[in-house]
Amino acid sequence: MTDNDFLRVCALEELPESEPIAADIHGTSIVLVRKGEEAFALYDECSHAAVALSEGDIEDCSIECWLHGSSFDLRTGKPSGPPATVAVPTYPIEIRDGDVYLSLKPKTTENA
């Protein structure tokens, strides 16, 4: 992956701590979450019920879907248990000089 694969999204300080933020980035629905000096990006749709994860809650390093309670790891997108059984795509994030850059090329399971 090259620097050209990444798009500037916002300043890290613009993301509130542990609060999911919905973003449409070049037609892709993304939920962004800041945890300290890190940021995470997942596809903004629960793999179980097709509702926005950005309307859910953050607990530790996971996001919980508000509808049926499925939780997904912010780093890997993997569900922690039923009802969801399929991971949601996650996207590479880089923090450069206090700005959040995102690649729309989803991570694979091997490098998640």
# chains A, B, ... in the order shown; residues from 1 in each chain; ligands from 1

call {"tool": "closest_atom_pairs", "arguments": {"of": "stretch 46-65 of chain A", "to": "stretch 6-22 of chain A", "cutoff": "12 Å", "atoms": "only C-alpha atoms", "output": "tab-separated table"}}
result
residue	atom	partner	partner_atom	distance
A:Ala52	CA	A:Ala22	CA	8.4
A:Leu53	CA	A:Pro20	CA	7.9
A:Ser54	CA	A:Pro20	CA	5.0
A:Glu55	CA	A:Pro20	CA	7.2
A:Gly56	CA	A:Pro20	CA	7.3
A:Asp57	CA	A:Pro20	CA	7.3
A:Ile58	CA	A:Ser18	CA	5.9
A:Glu59	CA	A:Ser18	CA	7.9
A:Asp60	CA	A:Ser18	CA	8.6
A:Cys61	CA	A:Ser18	CA	9.0
A:Ser62	CA	A:Ser18	CA	9.7
A:Ile63	CA	A:Pro20	CA	8.1
A:Glu64	CA	A:Pro20	CA	10.2
A:Cys65	CA	A:Pro20	CA	11.1

call {"tool": "select_by_dssp", "arguments": {"residues": "chain A", "states": "strand (DSSP E)", "output": "PyMOL selection string"}}
result
chain A and resi 6-11+21-25+28-35+38-43+57-59+62-64+71-73+90-91+93-96+99-103

call {"tool": "closest_residue", "arguments": {"among": "A:Gly81, A:Asp99, A:Arg34, A:Ala50", "to": "A:Leu67", "atoms": "only C-alpha atoms"}}
result
A:Ala50

call {"tool": "residues_around", "arguments": {"residues": "stretch 91-96 of chain A", "least_positions_apart": "4", "cutoff": "9 Å", "atoms": "only C-alpha atoms", "output": "list in words"}}
result
Phe6, Ala11, Leu12, Ile30, Glu37, Glu38, Ala39, Phe40, Ala41, Leu42, Tyr43, Val100, Tyr101, Leu102, Ser103, Leu104, Lys105, Pro106, Lys107 and Ala112 of chain A

call {"tool": "atom_distance", "arguments": {"atom1": "atom CA of A:Val31", "atom2": "atom CA of A:Gly69"}}
result
16.8 Å

call {"tool": "atom_distance", "arguments": {"atom1": "atom CA of A:Asn4", "atom2": "atom CA of A:Thr76"}}
result
23.0 Å

call {"tool": "closest_residue", "arguments": {"among": "A:Cys46, A:His68, A:His26, A:Leu32", "to": "A:Ala87", "atoms": "only C-alpha atoms"}}
result
A:Cys46

call {"tool": "closest_residue", "arguments": {"among": "A:Trp66, A:His48, A:Thr28, A:Asp97", "to": "A:Pro79", "atoms": "only C-alpha atoms"}}
result
A:His48

call {"tool": "atom_distance", "arguments": {"atom1": "atom CA of A:Ala49", "atom2": "atom CA of A:Ile25"}}
result
22.0 Å

call {"tool": "closest_residue", "arguments": {"among": "A:Asp5, A:Gly98, A:Asp24, A:Ser47", "to": "A:Lys78", "atoms": "only C-alpha atoms"}}
result
A:Ser47
